[in-house]
Amino acid sequence: MRRVYIFALSLGLGLVASVVSPAADEPAERFRQDFLAGKLTWQDVLERARDEGRVTFLYWGGNDVLNVWIESAAGPAMEALGITLQPNRLTSTQNAVDLVLSETAAGKGIGQGSADVIWLNGDNFYTLAHRDLLFGAFAERLPNSKNFDWNPDDPRSHANHWDFGIEIGGREIAWSSEQYVCAVNRQYVPPGATPSSFDELRSYLERNPGKFTYVRPPDGAGSTFVQAALYAFNPDGNGAAPFQKPADAVNAAELARLIGPGMAYLKSLEPYLFTDPDGKHRYPADSKAADVLFRNGDIHFTCQFGTYAAATKVATGHYPDTAEAMIFPRGLMIKNKNFLAIPSNAANPAAALVLANYMSSVEAQVGKLGFVGYPTGIDHWMLDKTGLEAIEKAAPPHLGVTQEQLDANAAPETNASLLEIINAVWREHIGNASDRSIDDLVSDAYAKRGK
């Protein structure tokens with residue numbers, strides 16, 4: 001299948017947003033309105049999707065096994081419905097968001113964009129949602145929405161309604177769920193020496209300098225490590241609780257107070273992190289780069305989203321054979337869902353809905369779980385016995401931990417509007433080694449929000 005690469009246009013185009021009014025393709029706008037109003041049958045959607053003939057899917061392509069599954073499973077499934085799947089593999093989901101922003105600023109309105117479906121969550125969803133650049137409340141109108149719990153009175157449905165503290169409102173549908181899980185190389189670290197808290201990690205590194213690092217924020221693997229550290233050193237001792245609020249409900253001084261101890265810890269950890277041959281502290285750009293350090297024995301631990309990552313990466317050679325998962329940080333292993341969203345200016349909105357519906361099927365979820373090792377996004381308690389048995393059979397094993405232990409140590413993610421500020425503060429305080437106070441850095445980040 002031909003690979004299509006997307007090069008995001010400069011966000012400088014945003015300067016002309018005020019003088020360029022996005023146009024709209026009238027049939028696409030009419031389709032959108034009718035679908036969201038419940039005036040169309042699913043057969044109507046399928047017929048329009050065949051007329052459109054293709055769907056462009058933008059997603060992080062850093063997992064080669066996922067790439068194979070997309071082309072060998074999702075591609076043929078779409079082809080059977082008369083739709084050509086065009087997967088665009090990105091090095092960062094931010095590139096897809098920048099593309100939508102740039103095209104909208106350049107006047108490409110409904111029915112005229114380059115992205116039909118985007119795999120995202122968190123701050124990327126927040127960016128598009130608060131600019132009203134998403135298709136609308138489509139999720140519960142898909143036939144396979146039956147595989148999700150939408151009952152707002154059931155606490156288990158929370159992850160279908162909220163994404164990093166932002167109300168979803170049906171504008172995206174869960175594709176997978178993941179937990180932030182660290183792995184340890186047992187060749188170097190026996191069970192009794194395995195850290196389970198941030199203080200224990202620093203003690204280990206004081207004895208074994210250079211044997212750990214974390215991915216550079218704003219990459220999700222890095223920003224999640226930072227979030228967990230802020231929870232652990234929250235001066236009020238209530239962990240993730242205050243970080244669930246939106247930025248508008250937490251003033252700059254209060255956020256600076258909350259994150260100050262955690263940022264101080266991260267600063268104190270830096271002298272003990274992995275360094276390049278020239279002595280510079282190294283924060284890998286992404287999980288793939290961290291995997292290389294871990295596989296080569298340069299670092300003893302690595303952390304990323306991956307409930308089954310230890311088993312799947314040992315099997316594929318991305319982790320050493322002596323790797324297994326570990327419980328770290330105890331009680332603060334962030335867990336969430338990730339989603340599929342449709343931009344408001346998608347050129348092929350019907351085909352986008354069909355792809356989202358297929359990805360929400362038990363068939364696709366089981367296939368992705370067994371082939372790639374990505375956990376399901378559908379809710380198991382909504383499935384029949386056959387579906388549950390298929391998921392159980394497809395699930396990879398856990399190495400070093402049990403599902404019960406993972407569940408017992410789960411924590412929520414930070415509100416996306418706060419995370420945007422936290423990442424900016426980390427960039428200056430840690431990444432750029434600024435000597436300015438946390439209070440000043442937080443104030444600056446608040447002032448620059450949305451600019």
# chains A, B, ... in the order shown; residues from 1 in each chain; ligands from 1
call {"tool": "closest_atom_pairs", "arguments": {"of": "stretch 201-265 of chain A", "to": "stretch 411-420 of chain A", "cutoff": "6 Å", "atoms": "only C-alpha atoms", "output": "JSON lines"}}
result
{"residue": "A:Phe243", "atom": "CA", "partner": "A:Thr414", "partner_atom": "CA", "distance": 5.3}
{"residue": "A:Gln244", "atom": "CA", "partner": "A:Asn415", "partner_atom": "CA", "distance": 5.0}
{"residue": "A:Pro246", "atom": "CA", "partner": "A:Ser417", "partner_atom": "CA", "distance": 5.7}
{"residue": "A:Ala247", "atom": "CA", "partner": "A:Leu418", "partner_atom": "CA", "distance": 5.1}
call {"tool": "write_last_selection", "arguments": {"atoms": "N, CA and C atoms", "output": "tab-separated table (two decimals), in the first residue's frame"}}
result
chain	number	residue	atom	x	y	z
A	243	PHE	N	-5.20	17.95	40.39
A	243	PHE	CA	-4.81	18.05	38.99
A	243	PHE	C	-5.93	17.64	38.04
A	244	GLN	N	-7.10	17.33	38.59
A	244	GLN	CA	-8.25	17.01	37.75
A	244	GLN	C	-9.02	18.25	37.33
A	246	PRO	N	-9.72	21.99	35.64
A	246	PRO	CA	-9.20	22.72	34.48
A	246	PRO	C	-8.38	23.92	34.92
A	247	ALA	N	-7.56	24.41	34.00
A	247	ALA	CA	-6.67	25.53	34.32
A	247	ALA	C	-7.45	26.75	34.78
call {"tool": "select_by_dssp", "arguments": {"residues": "stretch 211-393 of chain A", "states": "strand (DSSP E or B)", "output": "list in words"}}
result
Thr275, His281, Phe301, Thr302, Cys303, Gln304, Phe305, Ala323, Glu324, Ala325, Met326, Met333, Ile334, Lys335, Asn336, Lys337, Asn338, Phe339, Leu340, Ala341, Pro343, Ala346 and Thr376 of chain A
call {"tool": "write_last_selection", "arguments": {"atoms": "N, CA and C atoms", "output": "mmCIF file, in the first residue's frame"}}
result
data_model
loop_
_atom_site.group_PDB
_atom_site.id
_atom_site.type_symbol
_atom_site.label_atom_id
_atom_site.label_comp_id
_atom_site.auth_asym_id
_atom_site.auth_seq_id
_atom_site.Cartn_x
_atom_site.Cartn_y
_atom_site.Cartn_z
ATOM 1 N N THR A 275 23.456 9.877 30.461
ATOM 2 C CA THR A 275 24.092 10.968 29.717
ATOM 3 C C THR A 275 24.700 10.448 28.433
ATOM 4 N N HIS A 281 22.925 15.447 29.682
ATOM 5 C CA HIS A 281 21.792 14.633 30.083
ATOM 6 C C HIS A 281 20.922 14.358 28.864
ATOM 7 N N PHE A 301 15.783 0.642 33.609
ATOM 8 C CA PHE A 301 14.328 0.777 33.646
ATOM 9 C C PHE A 301 13.886 1.634 32.471
ATOM 10 N N THR A 302 12.674 1.402 32.007
ATOM 11 C CA THR A 302 12.079 2.283 31.011
ATOM 12 C C THR A 302 10.582 2.340 31.261
ATOM 13 N N CYS A 303 9.977 3.486 30.984
ATOM 14 C CA CYS A 303 8.558 3.688 31.309
ATOM 15 C C CYS A 303 7.809 4.231 30.100
ATOM 16 N N GLN A 304 6.628 3.665 29.858
ATOM 17 C CA GLN A 304 5.789 4.124 28.758
ATOM 18 C C GLN A 304 4.393 3.552 28.929
ATOM 19 N N PHE A 305 3.452 4.040 28.129
ATOM 20 C CA PHE A 305 2.130 3.433 28.115
ATOM 21 C C PHE A 305 2.234 2.082 27.423
ATOM 22 N N ALA A 323 13.598 -8.813 30.617
ATOM 23 C CA ALA A 323 12.734 -7.703 31.038
ATOM 24 C C ALA A 323 11.404 -8.200 31.556
ATOM 25 N N GLU A 324 10.847 -7.458 32.503
ATOM 26 C CA GLU A 324 9.482 -7.702 32.960
ATOM 27 C C GLU A 324 8.914 -6.408 33.511
ATOM 28 N N ALA A 325 7.600 -6.351 33.629
ATOM 29 C CA ALA A 325 6.945 -5.159 34.155
ATOM 30 C C ALA A 325 7.154 -5.057 35.665
ATOM 31 N N MET A 326 6.995 -3.853 36.194
ATOM 32 C CA MET A 326 7.162 -3.600 37.618
ATOM 33 C C MET A 326 6.065 -2.648 38.095
ATOM 34 N N MET A 333 0.106 4.774 38.886
ATOM 35 C CA MET A 333 0.321 4.307 37.516
ATOM 36 C C MET A 333 -0.856 4.780 36.659
ATOM 37 N N ILE A 334 -0.640 5.871 35.949
ATOM 38 C CA ILE A 334 -1.715 6.569 35.244
ATOM 39 C C ILE A 334 -2.329 5.679 34.154
ATOM 40 N N LYS A 335 -3.655 5.690 34.121
ATOM 41 C CA LYS A 335 -4.401 4.851 33.179
ATOM 42 C C LYS A 335 -5.459 5.694 32.479
ATOM 43 N N ASN A 336 -5.641 5.461 31.185
ATOM 44 C CA ASN A 336 -6.656 6.208 30.453
ATOM 45 C C ASN A 336 -7.053 5.451 29.190
ATOM 46 N N LYS A 337 -7.951 6.042 28.452
ATOM 47 C CA LYS A 337 -8.297 5.528 27.133
ATOM 48 C C LYS A 337 -7.746 6.470 26.072
ATOM 49 N N ASN A 338 -7.542 5.933 24.874
ATOM 50 C CA ASN A 338 -7.209 6.778 23.730
ATOM 51 C C ASN A 338 -8.267 6.564 22.668
ATOM 52 N N PHE A 339 -8.389 7.500 21.743
ATOM 53 C CA PHE A 339 -9.617 7.629 20.973
ATOM 54 C C PHE A 339 -9.379 7.859 19.476
ATOM 55 N N LEU A 340 -10.469 7.739 18.731
ATOM 56 C CA LEU A 340 -10.513 8.133 17.331
ATOM 57 C C LEU A 340 -11.441 9.329 17.225
ATOM 58 N N ALA A 341 -10.963 10.388 16.571
ATOM 59 C CA ALA A 341 -11.763 11.589 16.381
ATOM 60 C C ALA A 341 -11.823 11.931 14.904
ATOM 61 N N PRO A 343 -12.087 15.186 12.339
ATOM 62 C CA PRO A 343 -12.047 16.644 12.233
ATOM 63 C C PRO A 343 -13.315 17.188 11.563
ATOM 64 N N ALA A 346 -13.276 17.099 7.659
ATOM 65 C CA ALA A 346 -12.941 15.840 6.993
ATOM 66 C C ALA A 346 -13.552 15.798 5.598
ATOM 67 N N THR A 376 -8.043 -3.437 24.731
ATOM 68 C CA THR A 376 -9.288 -3.037 24.097
ATOM 69 C C THR A 376 -9.784 -1.711 24.659
#
call {"tool": "residues_around", "arguments": {"residues": "A:Thr402", "least_positions_apart": "2", "cutoff": "12 Å", "atoms": "only C-alpha atoms", "output": "list in words"}}
result
Val181, Thr307, Tyr308, Glu324, Ala325, Met326, Ile327, Pro396, Pro397, His398, Leu399, Gly400, Glu404, Gln405, Leu406, Asp407, Ala408 and Asn409 of chain A
call {"tool": "residues_around", "arguments": {"residues": "A:Lys313", "least_positions_apart": "5", "cutoff": "10 Å", "atoms": "only C-alpha atoms", "output": "list in words"}}
result
Asp291, Arg295, Gly306, Tyr308, His318, Tyr319, Pro320, Asp321, Ala323, Glu324 and Gly373 of chain A
call {"tool": "residues_around", "arguments": {"residues": "A:Asp51", "least_positions_apart": "3", "cutoff": "10 Å", "atoms": "only C-alpha atoms", "output": "JSON, numbers by chain"}}
result
{"A": [45, 46, 47, 48, 54, 82, 83, 348, 350, 351]}
call {"tool": "residues_around", "arguments": {"residues": "A:Phe138", "least_positions_apart": "6", "cutoff": "9 Å", "atoms": "only C-alpha atoms", "output": "list in words"}}
result
Phe35, Leu36, Gly169, Gly170, Arg171, Glu172, Ile173, Ile342 and Leu353 of chain A
call {"tool": "closest_residue", "arguments": {"among": "A:Leu255, A:Val250, A:Val372, A:Ala228", "to": "A:Ser72", "atoms": "only C-alpha atoms"}}
result
A:Val372
call {"tool": "select_by_dssp", "arguments": {"residues": "stretch 285-334 of chain A", "states": "alpha helix (DSSP H)", "output": "MDAnalysis selection string"}}
result
chainID A and resid 287:295 309:316
call {"tool": "write_last_selection", "arguments": {"atoms": "C-alpha atoms", "output": "mmCIF file, in the first residue's frame"}}
result
data_model
loop_
_atom_site.group_PDB
_atom_site.id
_atom_site.type_symbol
_atom_site.label_atom_id
_atom_site.label_comp_id
_atom_site.auth_asym_id
_atom_site.auth_seq_id
_atom_site.Cartn_x
_atom_site.Cartn_y
_atom_site.Cartn_z
ATOM 1 C CA SER A 287 9.533 5.518 23.471
ATOM 2 C CA LYS A 288 11.284 3.908 20.521
ATOM 3 C CA ALA A 289 14.502 5.735 21.387
ATOM 4 C CA ALA A 290 14.137 4.748 25.038
ATOM 5 C CA ASP A 291 13.588 1.123 23.991
ATOM 6 C CA VAL A 292 16.985 1.100 22.289
ATOM 7 C CA LEU A 293 18.721 2.289 25.470
ATOM 8 C CA PHE A 294 16.858 -0.323 27.504
ATOM 9 C CA ARG A 295 17.536 -3.169 25.093
ATOM 10 C CA ALA A 309 4.424 -3.953 26.621
ATOM 11 C CA ALA A 310 6.788 -6.187 28.583
ATOM 12 C CA ALA A 311 5.455 -9.368 26.983
ATOM 13 C CA THR A 312 4.999 -7.997 23.472
ATOM 14 C CA LYS A 313 8.343 -6.193 23.344
ATOM 15 C CA VAL A 314 10.270 -9.164 24.694
ATOM 16 C CA ALA A 315 8.593 -11.277 22.008
ATOM 17 C CA THR A 316 9.529 -8.827 19.231
#
call {"tool": "atom_distance", "arguments": {"atom1": "atom CA of A:Tyr272", "atom2": "atom CA of A:Gly210"}}
result
5.3 Å
call {"tool": "atom_distance", "arguments": {"atom1": "atom CA of A:Gly297", "atom2": "atom CA of A:Ser196"}}
result
20.1 Å
call {"tool": "residues_around", "arguments": {"residues": "A:Ile168", "least_positions_apart": "4", "cutoff": "12 Å", "atoms": "only C-alpha atoms", "output": "PDB file with N, CA and C atoms, in the first residue's frame"}}
result
ATOM      1  N   ASN A 121      -5.685  11.655  21.960  1.00  0.00           N
ATOM      2  CA  ASN A 121      -6.339  11.861  23.254  1.00  0.00           C
ATOM      3  C   ASN A 121      -5.670  13.033  23.947  1.00  0.00           C
ATOM      4  N   GLY A 122      -6.152  13.337  25.142  1.00  0.00           N
ATOM      5  CA  GLY A 122      -5.499  14.340  25.969  1.00  0.00           C
ATOM      6  C   GLY A 122      -5.432  15.721  25.373  1.00  0.00           C
ATOM      7  N   PHE A 125      -6.743  16.227  21.772  1.00  0.00           N
ATOM      8  CA  PHE A 125      -8.200  16.347  21.706  1.00  0.00           C
ATOM      9  C   PHE A 125      -8.636  17.714  22.213  1.00  0.00           C
ATOM     10  N   TYR A 126      -8.048  18.135  23.318  1.00  0.00           N
ATOM     11  CA  TYR A 126      -8.398  19.435  23.900  1.00  0.00           C
ATOM     12  C   TYR A 126      -8.185  20.569  22.896  1.00  0.00           C
ATOM     13  N   LEU A 128      -8.279  20.570  19.595  1.00  0.00           N
ATOM     14  CA  LEU A 128      -9.298  20.602  18.545  1.00  0.00           C
ATOM     15  C   LEU A 128     -10.692  20.866  19.117  1.00  0.00           C
ATOM     16  N   ALA A 129     -10.967  20.300  20.280  1.00  0.00           N
ATOM     17  CA  ALA A 129     -12.304  20.443  20.855  1.00  0.00           C
ATOM     18  C   ALA A 129     -12.613  21.886  21.243  1.00  0.00           C
ATOM     19  N   HIS A 130     -11.671  22.549  21.890  1.00  0.00           N
ATOM     20  CA  HIS A 130     -12.015  23.885  22.368  1.00  0.00           C
ATOM     21  C   HIS A 130     -11.973  24.924  21.254  1.00  0.00           C
ATOM     22  N   LEU A 134     -14.051  19.693  15.556  1.00  0.00           N
ATOM     23  CA  LEU A 134     -14.388  18.281  15.472  1.00  0.00           C
ATOM     24  C   LEU A 134     -15.779  18.108  14.869  1.00  0.00           C
ATOM     25  N   GLY A 136     -18.444  16.397  15.596  1.00  0.00           N
ATOM     26  CA  GLY A 136     -19.626  16.485  16.443  1.00  0.00           C
ATOM     27  C   GLY A 136     -19.855  15.205  17.209  1.00  0.00           C
ATOM     28  N   ALA A 137     -21.000  15.094  17.851  1.00  0.00           N
ATOM     29  CA  ALA A 137     -21.296  13.978  18.754  1.00  0.00           C
ATOM     30  C   ALA A 137     -21.725  12.738  17.968  1.00  0.00           C
ATOM     31  N   PHE A 138     -20.730  12.053  17.397  1.00  0.00           N
ATOM     32  CA  PHE A 138     -21.022  10.898  16.552  1.00  0.00           C
ATOM     33  C   PHE A 138     -20.985   9.571  17.297  1.00  0.00           C
ATOM     34  N   ALA A 139     -20.268   9.503  18.425  1.00  0.00           N
ATOM     35  CA  ALA A 139     -19.888   8.215  19.009  1.00  0.00           C
ATOM     36  C   ALA A 139     -21.076   7.314  19.309  1.00  0.00           C
ATOM     37  N   GLU A 140     -22.099   7.840  19.967  1.00  0.00           N
ATOM     38  CA  GLU A 140     -23.221   6.998  20.367  1.00  0.00           C
ATOM     39  C   GLU A 140     -24.152   6.664  19.202  1.00  0.00           C
ATOM     40  N   TRP A 150     -22.430   3.843  28.183  1.00  0.00           N
ATOM     41  CA  TRP A 150     -22.668   5.286  28.092  1.00  0.00           C
ATOM     42  C   TRP A 150     -23.488   5.809  29.269  1.00  0.00           C
ATOM     43  N   SER A 157     -18.293   4.098  33.279  1.00  0.00           N
ATOM     44  CA  SER A 157     -18.418   4.771  31.981  1.00  0.00           C
ATOM     45  C   SER A 157     -17.616   6.065  31.907  1.00  0.00           C
ATOM     46  N   HIS A 158     -16.973   6.436  33.011  1.00  0.00           N
ATOM     47  CA  HIS A 158     -16.284   7.740  33.091  1.00  0.00           C
ATOM     48  C   HIS A 158     -15.308   7.941  31.927  1.00  0.00           C
ATOM     49  N   ALA A 159     -14.547   6.912  31.593  1.00  0.00           N
ATOM     50  CA  ALA A 159     -13.517   7.060  30.553  1.00  0.00           C
ATOM     51  C   ALA A 159     -14.104   7.245  29.164  1.00  0.00           C
ATOM     52  N   ASN A 160     -15.391   6.959  28.988  1.00  0.00           N
ATOM     53  CA  ASN A 160     -16.035   7.200  27.698  1.00  0.00           C
ATOM     54  C   ASN A 160     -16.580   8.618  27.582  1.00  0.00           C
ATOM     55  N   HIS A 161     -16.665   9.302  28.709  1.00  0.00           N
ATOM     56  CA  HIS A 161     -17.225  10.655  28.745  1.00  0.00           C
ATOM     57  C   HIS A 161     -16.177  11.737  28.993  1.00  0.00           C
ATOM     58  N   TRP A 162     -14.987  11.344  29.496  1.00  0.00           N
ATOM     59  CA  TRP A 162     -13.974  12.337  29.849  1.00  0.00           C
ATOM     60  C   TRP A 162     -12.613  11.909  29.328  1.00  0.00           C
ATOM     61  N   ASP A 163     -11.890  12.839  28.752  1.00  0.00           N
ATOM     62  CA  ASP A 163     -10.556  12.597  28.221  1.00  0.00           C
ATOM     63  C   ASP A 163      -9.613  13.631  28.816  1.00  0.00           C
ATOM     64  N   PHE A 164      -8.736  13.200  29.717  1.00  0.00           N
ATOM     65  CA  PHE A 164      -7.829  14.124  30.418  1.00  0.00           C
ATOM     66  C   PHE A 164      -8.614  15.282  31.033  1.00  0.00           C
ATOM     67  N   GLU A 172     -15.421  11.876  20.166  1.00  0.00           N
ATOM     68  CA  GLU A 172     -14.426  10.860  19.858  1.00  0.00           C
ATOM     69  C   GLU A 172     -14.905   9.558  20.479  1.00  0.00           C
ATOM     70  N   ILE A 173     -14.372   8.440  19.978  1.00  0.00           N
ATOM     71  CA  ILE A 173     -14.772   7.142  20.506  1.00  0.00           C
ATOM     72  C   ILE A 173     -13.525   6.348  20.854  1.00  0.00           C
ATOM     73  N   ALA A 174     -13.587   5.664  21.993  1.00  0.00           N
ATOM     74  CA  ALA A 174     -12.403   4.963  22.497  1.00  0.00           C
ATOM     75  C   ALA A 174     -11.967   3.869  21.533  1.00  0.00           C
ATOM     76  N   LYS A 337      -7.951   6.042  28.452  1.00  0.00           N
ATOM     77  CA  LYS A 337      -8.297   5.528  27.133  1.00  0.00           C
ATOM     78  C   LYS A 337      -7.746   6.470  26.072  1.00  0.00           C
ATOM     79  N   ASN A 338      -7.542   5.933  24.874  1.00  0.00           N
ATOM     80  CA  ASN A 338      -7.209   6.778  23.730  1.00  0.00           C
ATOM     81  C   ASN A 338      -8.267   6.564  22.668  1.00  0.00           C
ATOM     82  N   PHE A 339      -8.389   7.500  21.743  1.00  0.00           N
ATOM     83  CA  PHE A 339      -9.617   7.629  20.973  1.00  0.00           C
ATOM     84  C   PHE A 339      -9.379   7.859  19.476  1.00  0.00           C
ATOM     85  N   LEU A 340     -10.469   7.739  18.731  1.00  0.00           N
ATOM     86  CA  LEU A 340     -10.513   8.133  17.331  1.00  0.00           C
ATOM     87  C   LEU A 340     -11.441   9.329  17.225  1.00  0.00           C
ATOM     88  N   ALA A 341     -10.963  10.388  16.571  1.00  0.00           N
ATOM     89  CA  ALA A 341     -11.763  11.589  16.381  1.00  0.00           C
ATOM     90  C   ALA A 341     -11.823  11.931  14.904  1.00  0.00           C
TER      91      ALA A 341
END
call {"tool": "atom_distance", "arguments": {"atom1": "atom CA of A:Phe212", "atom2": "atom CA of A:Asp298"}}
result
8.0 Å
call {"tool": "closest_residue", "arguments": {"among": "A:Trp69, A:Arg32, A:Asp384, A:Leu258", "to": "A:Asn238", "atoms": "only C-alpha atoms"}}
result
A:Leu258
call {"tool": "closest_residue", "arguments": {"among": "A:Gly53, A:Gly61, A:Gly239, A:Pro349", "to": "A:Thr84", "atoms": "only C-alpha atoms"}}
result
A:Gly53
call {"tool": "closest_residue", "arguments": {"among": "A:Pro329, A:Arg282, A:Phe274, A:Ile166", "to": "A:Asp199", "atoms": "only C-alpha atoms"}}
result
A:Pro329
call {"tool": "closest_residue", "arguments": {"among": "A:Asp34, A:Asp379, A:Asp44, A:Glu254", "to": "A:Tyr446", "atoms": "only C-alpha atoms"}}
result
A:Glu254
call {"tool": "decode", "arguments": {"residues": "stretch 247-316 of chain A", "atoms": "C-alpha atoms", "output": "compact mmCIF listing (two decimals), in the first residue's frame"}}
result
# COMPACT_ATOMS: atom_id res chain seq x y z
CA ALA A 247 -6.67 25.53 34.32
CA ASP A 248 -9.43 28.13 34.62
CA ALA A 249 -10.26 26.73 38.07
CA VAL A 250 -6.65 26.75 39.34
CA ASN A 251 -4.85 30.09 39.43
CA ALA A 252 -1.18 30.38 38.52
CA ALA A 253 0.05 30.82 42.09
CA GLU A 254 -1.84 27.74 43.27
CA LEU A 255 -0.54 25.57 40.42
CA ALA A 256 3.02 26.76 41.07
CA ARG A 257 2.60 25.74 44.71
CA LEU A 258 1.27 22.33 43.73
CA ILE A 259 3.97 21.47 41.21
CA GLY A 260 6.94 23.11 42.93
CA PRO A 261 8.01 20.06 45.02
CA GLY A 262 7.61 17.67 42.08
CA MET A 263 9.64 19.90 39.77
CA ALA A 264 12.30 20.17 42.48
CA TYR A 265 12.45 16.37 42.61
CA LEU A 266 12.85 16.11 38.84
CA LYS A 267 15.63 18.69 38.99
CA SER A 268 17.36 16.74 41.76
CA LEU A 269 17.10 13.55 39.72
CA GLU A 270 18.81 15.03 36.66
CA PRO A 271 22.45 14.52 37.75
CA TYR A 272 21.79 10.78 38.01
CA LEU A 273 20.11 10.31 34.64
CA PHE A 274 21.64 8.74 31.56
CA THR A 275 24.09 10.97 29.72
CA ASP A 276 25.52 11.04 26.21
CA PRO A 277 29.25 10.46 25.71
CA ASP A 278 29.75 14.23 25.84
CA GLY A 279 28.23 14.28 29.34
CA LYS A 280 24.94 15.95 28.43
CA HIS A 281 21.79 14.63 30.08
CA ARG A 282 19.72 12.77 27.56
CA TYR A 283 15.95 12.67 27.42
CA PRO A 284 14.97 10.38 24.52
CA ALA A 285 12.63 11.89 21.97
CA ASP A 286 10.12 9.04 22.18
CA SER A 287 9.53 5.52 23.47
CA LYS A 288 11.28 3.91 20.52
CA ALA A 289 14.50 5.74 21.39
CA ALA A 290 14.14 4.75 25.04
CA ASP A 291 13.59 1.12 23.99
CA VAL A 292 16.99 1.10 22.29
CA LEU A 293 18.72 2.29 25.47
CA PHE A 294 16.86 -0.32 27.50
CA ARG A 295 17.54 -3.17 25.09
CA ASN A 296 21.23 -2.32 24.98
CA GLY A 297 21.53 -2.26 28.78
CA ASP A 298 22.34 1.46 28.91
CA ILE A 299 19.42 1.95 31.31
CA HIS A 300 17.91 -0.53 33.77
CA PHE A 301 14.33 0.78 33.65
CA THR A 302 12.08 2.28 31.01
CA CYS A 303 8.56 3.69 31.31
CA GLN A 304 5.79 4.12 28.76
CA PHE A 305 2.13 3.43 28.12
CA GLY A 306 1.85 -0.30 27.55
CA THR A 307 -0.24 -2.63 29.67
CA TYR A 308 1.24 -5.64 27.85
CA ALA A 309 4.42 -3.95 26.62
CA ALA A 310 6.79 -6.19 28.58
CA ALA A 311 5.45 -9.37 26.98
CA THR A 312 5.00 -8.00 23.47
CA LYS A 313 8.34 -6.19 23.34
CA VAL A 314 10.27 -9.16 24.69
CA ALA A 315 8.59 -11.28 22.01
CA THR A 316 9.53 -8.83 19.23
